[in-house]
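Structure file work-v1.pdb (PDB, C-alpha atoms and all ligand atoms) follows.
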```pdb
ATOM      1  CA  MET A   1     -15.745 -93.544  93.439  1.00  0.00           C
ATOM      2  CA  GLN A   2     -14.279 -95.244  96.551  1.00  0.00           C
ATOM      3  CA  ALA A   3     -16.497 -97.459  98.673  1.00  0.00           C
ATOM      4  CA  LYS A   4     -17.303 -95.743 101.952  1.00  0.00           C
ATOM      5  CA  TYR A   5     -18.819 -98.437 104.162  1.00  0.00           C
ATOM      6  CA  LEU A   6     -17.625-101.766 102.776  1.00  0.00           C
ATOM      7  CA  SER A   7     -14.061-101.009 101.776  1.00  0.00           C
ATOM      8  CA  LYS A   8     -11.877-102.511 104.495  1.00  0.00           C
ATOM      9  CA  ALA A   9     -12.099-105.649 106.595  1.00  0.00           C
ATOM     10  CA  THR A  10     -10.623-103.692 109.512  1.00  0.00           C
ATOM     11  CA  ASP A  11     -13.387-101.071 109.388  1.00  0.00           C
ATOM     12  CA  LEU A  12     -15.994-103.795 109.518  1.00  0.00           C
ATOM     13  CA  ALA A  13     -14.113-105.306 112.452  1.00  0.00           C
ATOM     14  CA  LYS A  14     -14.160-101.985 114.294  1.00  0.00           C
ATOM     15  CA  ASN A  15     -17.910-101.619 113.796  1.00  0.00           C
ATOM     16  CA  LEU A  16     -18.524-105.043 115.314  1.00  0.00           C
ATOM     17  CA  ILE A  17     -16.172-104.383 118.221  1.00  0.00           C
ATOM     18  CA  ALA A  18     -17.795-100.998 118.888  1.00  0.00           C
ATOM     19  CA  MET A  19     -21.171-102.727 119.127  1.00  0.00           C
ATOM     20  CA  VAL A  20     -19.972-104.819 122.068  1.00  0.00           C
ATOM     21  CA  VAL A  21     -17.233-103.001 124.010  1.00  0.00           C
ATOM     22  CA  LYS A  22     -18.252-100.659 126.807  1.00  0.00           C
ATOM     23  CA  LYS A  23     -16.407 -98.207 129.018  1.00  0.00           C
ATOM     24  CA  ASN A  24     -14.233 -99.920 131.687  1.00  0.00           C
ATOM     25  CA  ASP A  25     -13.999-103.210 129.748  1.00  0.00           C
ATOM     26  CA  VAL A  26     -10.831-105.275 129.389  1.00  0.00           C
ATOM     27  CA  VAL A  27      -9.982-106.090 125.757  1.00  0.00           C
ATOM     28  CA  ILE A  28      -7.061-107.525 123.775  1.00  0.00           C
ATOM     29  CA  ASP A  29      -5.257-106.352 120.657  1.00  0.00           C
ATOM     30  CA  ALA A  30      -3.538-109.580 119.562  1.00  0.00           C
ATOM     31  CA  THR A  31      -1.421-107.873 116.869  1.00  0.00           C
ATOM     32  CA  VAL A  32      -0.386-104.366 117.913  1.00  0.00           C
ATOM     33  CA  GLY A  33       1.577-103.428 114.754  1.00  0.00           C
ATOM     34  CA  ASN A  34       1.518 -99.679 114.158  1.00  0.00           C
ATOM     35  CA  GLY A  35      -0.884 -99.132 117.013  1.00  0.00           C
ATOM     36  CA  ASN A  36      -3.900 -97.916 115.078  1.00  0.00           C
ATOM     37  CA  ASP A  37      -6.299-100.544 116.359  1.00  0.00           C
ATOM     38  CA  ILE A  38      -5.072-100.135 119.921  1.00  0.00           C
ATOM     39  CA  LEU A  39      -5.890 -96.409 119.862  1.00  0.00           C
ATOM     40  CA  PHE A  40      -9.386 -97.298 118.716  1.00  0.00           C
ATOM     41  CA  LEU A  41      -9.739 -99.850 121.539  1.00  0.00           C
ATOM     42  CA  CYS A  42      -8.398 -97.340 124.090  1.00  0.00           C
ATOM     43  CA  ASP A  43     -11.121 -94.908 123.088  1.00  0.00           C
ATOM     44  CA  LEU A  44     -13.817 -97.537 123.537  1.00  0.00           C
ATOM     45  CA  VAL A  45     -12.748 -98.752 126.993  1.00  0.00           C
ATOM     46  CA  GLY A  46     -12.090 -95.256 128.305  1.00  0.00           C
ATOM     47  CA  GLU A  47      -9.740 -94.104 131.062  1.00  0.00           C
ATOM     48  CA  LYS A  48     -10.688 -96.871 133.494  1.00  0.00           C
ATOM     49  CA  GLY A  49     -10.682 -99.702 130.993  1.00  0.00           C
ATOM     50  CA  LYS A  50      -7.727-101.877 130.016  1.00  0.00           C
ATOM     51  CA  VAL A  51      -6.235-102.870 126.664  1.00  0.00           C
ATOM     52  CA  ILE A  52      -3.673-105.659 126.546  1.00  0.00           C
ATOM     53  CA  GLY A  53      -1.574-105.663 123.381  1.00  0.00           C
ATOM     54  CA  PHE A  54       0.748-108.313 121.934  1.00  0.00           C
ATOM     55  CA  ASP A  55       3.390-108.103 119.230  1.00  0.00           C
ATOM     56  CA  ILE A  56       6.584-110.027 118.554  1.00  0.00           C
ATOM     57  CA  GLN A  57       8.414-107.025 117.078  1.00  0.00           C
ATOM     58  CA  ASP A  58      10.261-104.554 119.328  1.00  0.00           C
ATOM     59  CA  ILE A  59       9.687-101.781 116.809  1.00  0.00           C
ATOM     60  CA  ALA A  60       5.913-102.277 116.903  1.00  0.00           C
ATOM     61  CA  ILE A  61       5.846-102.152 120.704  1.00  0.00           C
ATOM     62  CA  GLU A  62       8.186 -99.139 120.904  1.00  0.00           C
ATOM     63  CA  ASN A  63       6.352 -97.062 118.281  1.00  0.00           C
ATOM     64  CA  THR A  64       2.973 -97.894 119.763  1.00  0.00           C
ATOM     65  CA  GLU A  65       4.132 -97.019 123.263  1.00  0.00           C
ATOM     66  CA  LYS A  66       5.217 -93.625 121.977  1.00  0.00           C
ATOM     67  CA  LYS A  67       1.904 -93.080 120.200  1.00  0.00           C
ATOM     68  CA  LEU A  68      -0.003 -93.951 123.353  1.00  0.00           C
ATOM     69  CA  ARG A  69       2.132 -91.609 125.477  1.00  0.00           C
ATOM     70  CA  ASP A  70       1.541 -88.776 123.009  1.00  0.00           C
ATOM     71  CA  LYS A  71      -2.208 -89.373 123.281  1.00  0.00           C
ATOM     72  CA  ASN A  72      -2.083 -89.734 127.060  1.00  0.00           C
ATOM     73  CA  MET A  73      -3.507 -93.242 126.882  1.00  0.00           C
ATOM     74  CA  ILE A  74      -0.554 -95.321 128.082  1.00  0.00           C
ATOM     75  CA  ASP A  75      -2.010 -95.834 131.580  1.00  0.00           C
ATOM     76  CA  ARG A  76      -4.846 -97.964 130.277  1.00  0.00           C
ATOM     77  CA  VAL A  77      -2.573-100.230 128.203  1.00  0.00           C
ATOM     78  CA  MET A  78      -0.338-103.200 128.922  1.00  0.00           C
ATOM     79  CA  LEU A  79       2.002-103.859 125.986  1.00  0.00           C
ATOM     80  CA  ILE A  80       3.518-107.324 125.773  1.00  0.00           C
ATOM     81  CA  ASN A  81       6.500-107.987 123.516  1.00  0.00           C
ATOM     82  CA  SER A  82       5.595-111.625 122.943  1.00  0.00           C
ATOM     83  CA  GLY A  83       3.606-113.883 120.634  1.00  0.00           C
ATOM     84  CA  HIS A  84      -0.174-114.004 121.018  1.00  0.00           C
ATOM     85  CA  GLU A  85       0.100-117.804 121.210  1.00  0.00           C
ATOM     86  CA  LYS A  86       1.118-117.146 124.836  1.00  0.00           C
ATOM     87  CA  LEU A  87      -2.091-115.221 125.526  1.00  0.00           C
ATOM     88  CA  LYS A  88      -3.064-117.251 128.582  1.00  0.00           C
ATOM     89  CA  GLU A  89       0.375-116.920 130.164  1.00  0.00           C
ATOM     90  CA  TYR A  90      -0.265-113.197 130.456  1.00  0.00           C
ATOM     91  CA  VAL A  91      -4.035-112.829 130.695  1.00  0.00           C
ATOM     92  CA  ASP A  92      -6.138-114.545 133.329  1.00  0.00           C
ATOM     93  CA  THR A  93      -9.256-112.410 133.197  1.00  0.00           C
ATOM     94  CA  LYS A  94     -12.277-112.564 130.904  1.00  0.00           C
ATOM     95  CA  VAL A  95     -12.337-109.981 128.133  1.00  0.00           C
ATOM     96  CA  SER A  96     -15.172-108.524 126.055  1.00  0.00           C
ATOM     97  CA  ALA A  97     -13.258-108.305 122.765  1.00  0.00           C
ATOM     98  CA  ILE A  98     -10.152-109.531 120.991  1.00  0.00           C
ATOM     99  CA  MET A  99      -8.889-108.083 117.705  1.00  0.00           C
ATOM    100  CA  PHE A 100      -6.545-109.913 115.361  1.00  0.00           C
ATOM    101  CA  ASN A 101      -5.238-107.988 112.370  1.00  0.00           C
ATOM    102  CA  LEU A 102      -3.053-110.649 110.788  1.00  0.00           C
ATOM    103  CA  GLY A 103      -0.092-110.418 108.430  1.00  0.00           C
ATOM    104  CA  TYR A 104       3.017-108.270 108.513  1.00  0.00           C
ATOM    105  CA  LEU A 105       3.835-104.753 109.629  1.00  0.00           C
ATOM    106  CA  PRO A 106       3.221-102.467 106.632  1.00  0.00           C
ATOM    107  CA  GLY A 107       6.459-100.852 105.450  1.00  0.00           C
ATOM    108  CA  LYS A 108       8.645-103.301 107.405  1.00  0.00           C
ATOM    109  CA  ASN A 109      10.033-106.815 106.889  1.00  0.00           C
ATOM    110  CA  HIS A 110       7.284-108.856 105.215  1.00  0.00           C
ATOM    111  CA  GLU A 111       8.952-112.079 106.372  1.00  0.00           C
ATOM    112  CA  ILE A 112       7.924-111.287 109.955  1.00  0.00           C
ATOM    113  CA  THR A 113       4.302-112.200 109.656  1.00  0.00           C
ATOM    114  CA  THR A 114       1.656-114.092 111.586  1.00  0.00           C
ATOM    115  CA  LYS A 115       1.735-117.842 110.931  1.00  0.00           C
ATOM    116  CA  TYR A 116      -1.171-120.224 110.969  1.00  0.00           C
ATOM    117  CA  LYS A 117       0.016-122.549 113.751  1.00  0.00           C
ATOM    118  CA  THR A 118       0.561-119.782 116.281  1.00  0.00           C
ATOM    119  CA  THR A 119      -2.515-117.898 115.077  1.00  0.00           C
ATOM    120  CA  ILE A 120      -4.742-120.943 115.591  1.00  0.00           C
ATOM    121  CA  GLU A 121      -3.254-121.497 119.055  1.00  0.00           C
ATOM    122  CA  ALA A 122      -3.920-117.849 119.943  1.00  0.00           C
ATOM    123  CA  VAL A 123      -7.483-117.977 118.622  1.00  0.00           C
ATOM    124  CA  LYS A 124      -8.182-121.098 120.719  1.00  0.00           C
ATOM    125  CA  GLN A 125      -6.871-119.438 123.872  1.00  0.00           C
ATOM    126  CA  GLY A 126      -8.687-116.217 122.991  1.00  0.00           C
ATOM    127  CA  ILE A 127     -12.047-117.969 122.719  1.00  0.00           C
ATOM    128  CA  ASP A 128     -11.520-119.365 126.217  1.00  0.00           C
ATOM    129  CA  LEU A 129     -10.816-115.871 127.522  1.00  0.00           C
ATOM    130  CA  LEU A 130     -13.856-114.233 125.885  1.00  0.00           C
ATOM    131  CA  GLU A 131     -16.786-113.553 128.155  1.00  0.00           C
ATOM    132  CA  VAL A 132     -20.239-114.694 127.047  1.00  0.00           C
ATOM    133  CA  ASN A 133     -21.365-112.459 124.159  1.00  0.00           C
ATOM    134  CA  GLY A 134     -17.817-111.209 123.835  1.00  0.00           C
ATOM    135  CA  ILE A 135     -16.532-110.809 120.303  1.00  0.00           C
ATOM    136  CA  MET A 136     -13.359-111.746 118.453  1.00  0.00           C
ATOM    137  CA  THR A 137     -12.507-110.307 115.041  1.00  0.00           C
ATOM    138  CA  ILE A 138      -9.830-111.702 112.741  1.00  0.00           C
ATOM    139  CA  ALA A 139      -8.807-109.774 109.612  1.00  0.00           C
ATOM    140  CA  ILE A 140      -6.994-112.153 107.248  1.00  0.00           C
ATOM    141  CA  TYR A 141      -4.806-111.104 104.305  1.00  0.00           C
ATOM    142  CA  PRO A 142      -4.408-113.945 101.806  1.00  0.00           C
ATOM    143  CA  GLY A 143      -2.660-111.724  99.235  1.00  0.00           C
ATOM    144  CA  HIS A 144       0.780-113.076 100.243  1.00  0.00           C
ATOM    145  CA  LYS A 145       1.981-116.687 100.412  1.00  0.00           C
ATOM    146  CA  GLU A 146       2.001-117.125 104.183  1.00  0.00           C
ATOM    147  CA  GLY A 147      -1.331-115.276 104.423  1.00  0.00           C
ATOM    148  CA  LEU A 148      -2.974-117.619 101.930  1.00  0.00           C
ATOM    149  CA  LYS A 149      -1.829-120.657 103.906  1.00  0.00           C
ATOM    150  CA  GLU A 150      -2.990-118.939 107.095  1.00  0.00           C
ATOM    151  CA  LYS A 151      -6.437-118.328 105.590  1.00  0.00           C
ATOM    152  CA  GLU A 152      -6.828-121.955 104.472  1.00  0.00           C
ATOM    153  CA  GLU A 153      -5.704-123.489 107.756  1.00  0.00           C
ATOM    154  CA  LEU A 154      -7.559-121.011 109.930  1.00  0.00           C
ATOM    155  CA  LEU A 155     -10.834-121.548 108.062  1.00  0.00           C
ATOM    156  CA  LYS A 156     -10.429-125.315 108.441  1.00  0.00           C
ATOM    157  CA  TYR A 157     -10.002-124.916 112.190  1.00  0.00           C
ATOM    158  CA  LEU A 158     -12.759-122.312 112.597  1.00  0.00           C
ATOM    159  CA  SER A 159     -15.303-124.494 110.825  1.00  0.00           C
ATOM    160  CA  THR A 160     -14.781-127.163 113.504  1.00  0.00           C
ATOM    161  CA  ILE A 161     -15.741-124.903 116.422  1.00  0.00           C
ATOM    162  CA  ASP A 162     -18.802-126.305 118.144  1.00  0.00           C
ATOM    163  CA  GLN A 163     -21.766-123.998 117.548  1.00  0.00           C
ATOM    164  CA  LYS A 164     -22.639-124.363 121.220  1.00  0.00           C
ATOM    165  CA  GLN A 165     -19.357-122.580 121.966  1.00  0.00           C
ATOM    166  CA  GLY A 166     -19.874-119.650 119.623  1.00  0.00           C
ATOM    167  CA  ASN A 167     -21.130-118.316 116.301  1.00  0.00           C
ATOM    168  CA  VAL A 168     -18.438-117.967 113.671  1.00  0.00           C
ATOM    169  CA  LEU A 169     -19.124-115.594 110.792  1.00  0.00           C
ATOM    170  CA  LYS A 170     -17.056-115.159 107.631  1.00  0.00           C
ATOM    171  CA  MET A 171     -17.282-111.886 105.667  1.00  0.00           C
ATOM    172  CA  GLU A 172     -15.640-111.993 102.304  1.00  0.00           C
ATOM    173  CA  PHE A 173     -15.501-109.721  99.248  1.00  0.00           C
ATOM    174  CA  ILE A 174     -16.616-112.057  96.469  1.00  0.00           C
ATOM    175  CA  ASN A 175     -16.164-109.744  93.485  1.00  0.00           C
ATOM    176  CA  GLN A 176     -12.611-108.509  94.090  1.00  0.00           C
ATOM    177  CA  ILE A 177      -9.503-109.782  92.344  1.00  0.00           C
ATOM    178  CA  ASN A 178      -6.141-110.760  93.901  1.00  0.00           C
ATOM    179  CA  ASN A 179      -7.149-112.552  97.088  1.00  0.00           C
ATOM    180  CA  PRO A 180      -8.879-109.706  98.960  1.00  0.00           C
ATOM    181  CA  PRO A 181      -8.825-109.542 102.776  1.00  0.00           C
ATOM    182  CA  LEU A 182     -11.596-111.248 104.667  1.00  0.00           C
ATOM    183  CA  LEU A 183     -13.002-110.886 108.132  1.00  0.00           C
ATOM    184  CA  ILE A 184     -13.965-113.505 110.674  1.00  0.00           C
ATOM    185  CA  ALA A 185     -16.110-112.562 113.634  1.00  0.00           C
ATOM    186  CA  ILE A 186     -16.801-114.898 116.545  1.00  0.00           C
ATOM    187  CA  GLU A 187     -19.376-114.307 119.252  1.00  0.00           C
ATOM    188  CA  LYS A 188     -18.902-116.472 122.333  1.00  0.00           C
ATOM    189  CA  LYS A 189     -22.012-118.199 123.632  1.00  0.00           C
TER     190      LYS A 189
HETATM  191  C1  LIG B 201      -1.007-106.180 110.121  1.00  0.00           C
HETATM  192  S1  LIG B 201       0.028-105.900 111.489  1.00  0.00           S
HETATM  193  C2  LIG B 201      -1.101-105.323 112.723  1.00  0.00           C
HETATM  194  C3  LIG B 201      -1.673-103.943 112.484  1.00  0.00           C
HETATM  195  C4  LIG B 201      -2.089-103.240 113.733  1.00  0.00           C
HETATM  196  N1  LIG B 201      -3.187-103.868 114.428  1.00  0.00           N
HETATM  197  C5  LIG B 201      -2.307-101.759 113.574  1.00  0.00           C
HETATM  198  O1  LIG B 201      -3.316-101.225 114.017  1.00  0.00           O
HETATM  199  O2  LIG B 201      -1.427-101.128 112.986  1.00  0.00           O
HETATM  200  C6  LIG B 201       0.395-107.515 112.069  1.00  0.00           C
HETATM  201  C7  LIG B 201       1.331-107.551 113.267  1.00  0.00           C
HETATM  202  O3  LIG B 201       1.330-108.874 113.807  1.00  0.00           O
HETATM  203  C8  LIG B 201       2.564-109.065 114.413  1.00  0.00           C
HETATM  204  N2  LIG B 201       2.789-110.491 114.699  1.00  0.00           N
HETATM  205  C9  LIG B 201       3.307-111.465 113.907  1.00  0.00           C
HETATM  206  N3  LIG B 201       3.304-112.639 114.554  1.00  0.00           N
HETATM  207  C10 LIG B 201       2.791-112.409 115.793  1.00  0.00           C
HETATM  208  C11 LIG B 201       2.547-113.228 116.946  1.00  0.00           C
HETATM  209  N4  LIG B 201       2.812-114.537 116.947  1.00  0.00           N
HETATM  210  N5  LIG B 201       2.021-112.635 118.038  1.00  0.00           N
HETATM  211  C12 LIG B 201       1.736-111.309 118.065  1.00  0.00           C
HETATM  212  N6  LIG B 201       1.950-110.493 117.012  1.00  0.00           N
HETATM  213  C13 LIG B 201       2.463-111.030 115.888  1.00  0.00           C
HETATM  214  C14 LIG B 201       3.549-108.465 113.428  1.00  0.00           C
HETATM  215  O4  LIG B 201       4.776-108.177 114.048  1.00  0.00           O
HETATM  216  C15 LIG B 201       2.783-107.214 112.963  1.00  0.00           C
HETATM  217  O5  LIG B 201       3.184-106.095 113.682  1.00  0.00           O
END
```
Represent the structure contained in this file as structure tokens.
Amino acid sequence: MQAKYLSKATDLAKNLIAMVVKKNDVVIDATVGNGNDILFLCDLVGEKGKVIGFDIQDIAIENTEKKLRDKNMIDRVMLINSGHEKLKEYVDTKVSAIMFNLGYLPGKNHEITTKYKTTIEAVKQGIDLLEVNGIMTIAIYPGHKEGLKEKEELLKYLSTIDQKQGNVLKMEFINQINNPPLLIAIEKK
């Protein structure tokens, strides 16, 4: 039997995001990829909300743009073909949520993946942009070499965040083999 509620880090992330995001909010998808998370965010913010999405791969931006057009949601989205480490160059407003779904684009070149230095930079900038009680989720995939390094370095950095700045929660499957995904959630104080 498949697990229904605790199977995927990304589902847990969505539940946390859904708890916080309201209609008309501005939110960020820091890793657009195949555009699944951005559709979810578009639903939450509604027609008058705004979702700002980042990805370094043209193919991710192009496919997602098409998906959003097909669903009639493109007007509430700004897609940025650039690294999330430049978050603050593009966003100067407070946001209620930021989603990171790290790693590589499934089915595409696994060498093009998020890397810990740029991820940490983006997380730092993202925390600054979060409004009070805003939430950031980070799904980490340590099942590949770069992902394992990313997990180790990111956890080191996250554990140094002052608790006056925010609460940082780590959710981890502790009985699964082969470096299962884990989820970080940060609530800004
Ligand atoms: C696991 S996928 C994201 C899945 C996606 N959220 C979805 O719903 O399909 C990770 C994505 O991060 C992107 N990426 C890698 N480095 C990045 C960076 N520095 N800034 C933004 N995106 C990056 C990759 O190109 C890839 O598309």
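Residue nearest Thr93 in chain A within the list A:Leu130, A:Met73, A:Leu182, A:Ile140: A:Leu130 [criterion: smallest interatomic distance, all atoms listed in the file].
Distance annotation: of A:Lys156, A:Lys117, A:Lys164, A:Lys66, the residue with the minimal separation from ligand LIG 201 (chain B) is A:Lys117; atom set is only C-alpha atoms and all ligand atoms.
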Shell of 9 Å around range 31-46 of chain A, all atoms listed in the file, local chain residues under 2 positions omitted, as a PDB file with C-alpha atoms, in the frame of the given file:
```pdb
ATOM      1  CA  THR A  10     -10.623-103.692 109.512  1.00  0.00           C
ATOM      2  CA  LYS A  14     -14.160-101.985 114.294  1.00  0.00           C
ATOM      3  CA  ILE A  17     -16.172-104.383 118.221  1.00  0.00           C
ATOM      4  CA  ALA A  18     -17.795-100.998 118.888  1.00  0.00           C
ATOM      5  CA  VAL A  21     -17.233-103.001 124.010  1.00  0.00           C
ATOM      6  CA  LYS A  22     -18.252-100.659 126.807  1.00  0.00           C
ATOM      7  CA  LYS A  23     -16.407 -98.207 129.018  1.00  0.00           C
ATOM      8  CA  ASN A  24     -14.233 -99.920 131.687  1.00  0.00           C
ATOM      9  CA  ASP A  25     -13.999-103.210 129.748  1.00  0.00           C
ATOM     10  CA  VAL A  26     -10.831-105.275 129.389  1.00  0.00           C
ATOM     11  CA  VAL A  27      -9.982-106.090 125.757  1.00  0.00           C
ATOM     12  CA  ILE A  28      -7.061-107.525 123.775  1.00  0.00           C
ATOM     13  CA  ASP A  29      -5.257-106.352 120.657  1.00  0.00           C
ATOM     14  CA  LYS A  48     -10.688 -96.871 133.494  1.00  0.00           C
ATOM     15  CA  GLY A  49     -10.682 -99.702 130.993  1.00  0.00           C
ATOM     16  CA  LYS A  50      -7.727-101.877 130.016  1.00  0.00           C
ATOM     17  CA  VAL A  51      -6.235-102.870 126.664  1.00  0.00           C
ATOM     18  CA  ILE A  52      -3.673-105.659 126.546  1.00  0.00           C
ATOM     19  CA  GLY A  53      -1.574-105.663 123.381  1.00  0.00           C
ATOM     20  CA  PHE A  54       0.748-108.313 121.934  1.00  0.00           C
ATOM     21  CA  ASP A  55       3.390-108.103 119.230  1.00  0.00           C
ATOM     22  CA  ILE A  56       6.584-110.027 118.554  1.00  0.00           C
ATOM     23  CA  GLN A  57       8.414-107.025 117.078  1.00  0.00           C
ATOM     24  CA  ILE A  59       9.687-101.781 116.809  1.00  0.00           C
ATOM     25  CA  ALA A  60       5.913-102.277 116.903  1.00  0.00           C
ATOM     26  CA  ILE A  61       5.846-102.152 120.704  1.00  0.00           C
ATOM     27  CA  ASN A  63       6.352 -97.062 118.281  1.00  0.00           C
ATOM     28  CA  THR A  64       2.973 -97.894 119.763  1.00  0.00           C
ATOM     29  CA  GLU A  65       4.132 -97.019 123.263  1.00  0.00           C
ATOM     30  CA  LYS A  67       1.904 -93.080 120.200  1.00  0.00           C
ATOM     31  CA  LEU A  68      -0.003 -93.951 123.353  1.00  0.00           C
ATOM     32  CA  LYS A  71      -2.208 -89.373 123.281  1.00  0.00           C
ATOM     33  CA  MET A  73      -3.507 -93.242 126.882  1.00  0.00           C
ATOM     34  CA  ARG A  76      -4.846 -97.964 130.277  1.00  0.00           C
ATOM     35  CA  VAL A  77      -2.573-100.230 128.203  1.00  0.00           C
ATOM     36  CA  LEU A  79       2.002-103.859 125.986  1.00  0.00           C
ATOM     37  CA  GLY A  83       3.606-113.883 120.634  1.00  0.00           C
ATOM     38  CA  HIS A  84      -0.174-114.004 121.018  1.00  0.00           C
ATOM     39  CA  MET A  99      -8.889-108.083 117.705  1.00  0.00           C
ATOM     40  CA  PHE A 100      -6.545-109.913 115.361  1.00  0.00           C
ATOM     41  CA  ASN A 101      -5.238-107.988 112.370  1.00  0.00           C
ATOM     42  CA  LEU A 102      -3.053-110.649 110.788  1.00  0.00           C
ATOM     43  CA  GLY A 103      -0.092-110.418 108.430  1.00  0.00           C
ATOM     44  CA  TYR A 104       3.017-108.270 108.513  1.00  0.00           C
ATOM     45  CA  LEU A 105       3.835-104.753 109.629  1.00  0.00           C
ATOM     46  CA  PRO A 106       3.221-102.467 106.632  1.00  0.00           C
ATOM     47  CA  THR A 114       1.656-114.092 111.586  1.00  0.00           C
TER      48      THR A 114
END
```
CA of Ala30 in chain A to atom O3 of ligand LIG 201 (chain B), distance in Å rounded to a single decimal: 7.6 Å
Selection dump of the PyMOL selection byres (((chain A and resi 183) around 8) and not hetatm), as a ChimeraX atom specification: /A:9-10,12-13,137-140,170-172,181-182,184-185
Box time for ligand LIG 201 (chain B): axis-aligned, enclosing all its listed atoms, 3 Å extra on each side; report centre and edge lengths in Å to one decimal, as AutoDock Vina command-line options.
```
--center_x 0.7 --center_y -107.8 --center_z 114.1 --size_x 14.1 --size_y 19.4 --size_z 13.9
```
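With distances taken over all atoms listed in the file, A:Gly147 is the one residue among A:Pro180, A:Gly166, A:Gly147, A:Gly134 lying closest to ligand LIG 201 (chain B).
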Best match for closeness to ligand LIG 201 (chain B) among A:Asn179, A:Thr118, A:Ser96, A:Ser159, counting all atoms listed in the file: A:Thr118
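Closest approach to ligand LIG 201 (chain B) among A:Lys151, A:His144, A:Lys188, A:Lys86: A:Lys86, based on only C-alpha atoms and all ligand atoms.
For the pair CA of Ile80 in chain A and CA of Gln165 in chain A, the interatomic distance is 27.8 Å.
Using all atoms listed in the file for every distance, the candidate list A:Leu87, A:Leu158, A:Ala122, A:Ile112 yields A:Ile112 as the residue closest to Glu146 in chain A.
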Restore all heavy atoms in range 118-123 of chain A and list the result as an mmCIF file, in the frame of the given file.
```cif
data_model
loop_
_atom_site.group_PDB
_atom_site.id
_atom_site.type_symbol
_atom_site.label_atom_id
_atom_site.label_comp_id
_atom_site.auth_asym_id
_atom_site.auth_seq_id
_atom_site.Cartn_x
_atom_site.Cartn_y
_atom_site.Cartn_z
ATOM 1 N N THR A 118 0.636 -120.631 115.081
ATOM 2 C CA THR A 118 0.561 -119.782 116.281
ATOM 3 C C THR A 118 -0.750 -118.985 116.296
ATOM 4 O O THR A 118 -1.327 -118.743 117.356
ATOM 5 C CB THR A 118 1.783 -118.832 116.352
ATOM 6 O OG1 THR A 118 2.092 -118.371 115.044
ATOM 7 C CG2 THR A 118 2.975 -119.514 116.961
ATOM 8 N N THR A 119 -1.240 -118.622 115.114
ATOM 9 C CA THR A 119 -2.515 -117.898 115.077
ATOM 10 C C THR A 119 -3.642 -118.791 115.601
ATOM 11 O O THR A 119 -4.456 -118.357 116.429
ATOM 12 C CB THR A 119 -2.836 -117.435 113.637
ATOM 13 O OG1 THR A 119 -1.764 -116.627 113.161
ATOM 14 C CG2 THR A 119 -4.122 -116.640 113.582
ATOM 15 N N ILE A 120 -3.671 -120.035 115.144
ATOM 16 C CA ILE A 120 -4.742 -120.943 115.591
ATOM 17 C C ILE A 120 -4.650 -121.166 117.108
ATOM 18 O O ILE A 120 -5.663 -121.132 117.814
ATOM 19 C CB ILE A 120 -4.691 -122.283 114.810
ATOM 20 C CG1 ILE A 120 -5.116 -122.044 113.353
ATOM 21 C CG2 ILE A 120 -5.579 -123.345 115.462
ATOM 22 C CD1 ILE A 120 -4.954 -123.235 112.428
ATOM 23 N N GLU A 121 -3.435 -121.330 117.606
ATOM 24 C CA GLU A 121 -3.254 -121.497 119.055
ATOM 25 C C GLU A 121 -3.800 -120.278 119.809
ATOM 26 O O GLU A 121 -4.505 -120.398 120.814
ATOM 27 C CB GLU A 121 -1.759 -121.710 119.362
ATOM 28 C CG GLU A 121 -1.420 -121.901 120.824
ATOM 29 C CD GLU A 121 -2.206 -123.025 121.490
ATOM 30 O OE1 GLU A 121 -2.430 -124.060 120.851
ATOM 31 O OE2 GLU A 121 -2.615 -122.836 122.668
ATOM 32 N N ALA A 122 -3.475 -119.085 119.288
ATOM 33 C CA ALA A 122 -3.920 -117.849 119.943
ATOM 34 C C ALA A 122 -5.442 -117.712 119.882
ATOM 35 O O ALA A 122 -6.079 -117.284 120.854
ATOM 36 C CB ALA A 122 -3.257 -116.647 119.277
ATOM 37 N N VAL A 123 -6.026 -118.082 118.764
ATOM 38 C CA VAL A 123 -7.483 -117.977 118.622
ATOM 39 C C VAL A 123 -8.162 -118.922 119.625
ATOM 40 O O VAL A 123 -9.126 -118.541 120.299
ATOM 41 C CB VAL A 123 -7.926 -118.282 117.166
ATOM 42 C CG1 VAL A 123 -9.437 -118.452 117.073
ATOM 43 C CG2 VAL A 123 -7.454 -117.164 116.231
#
```
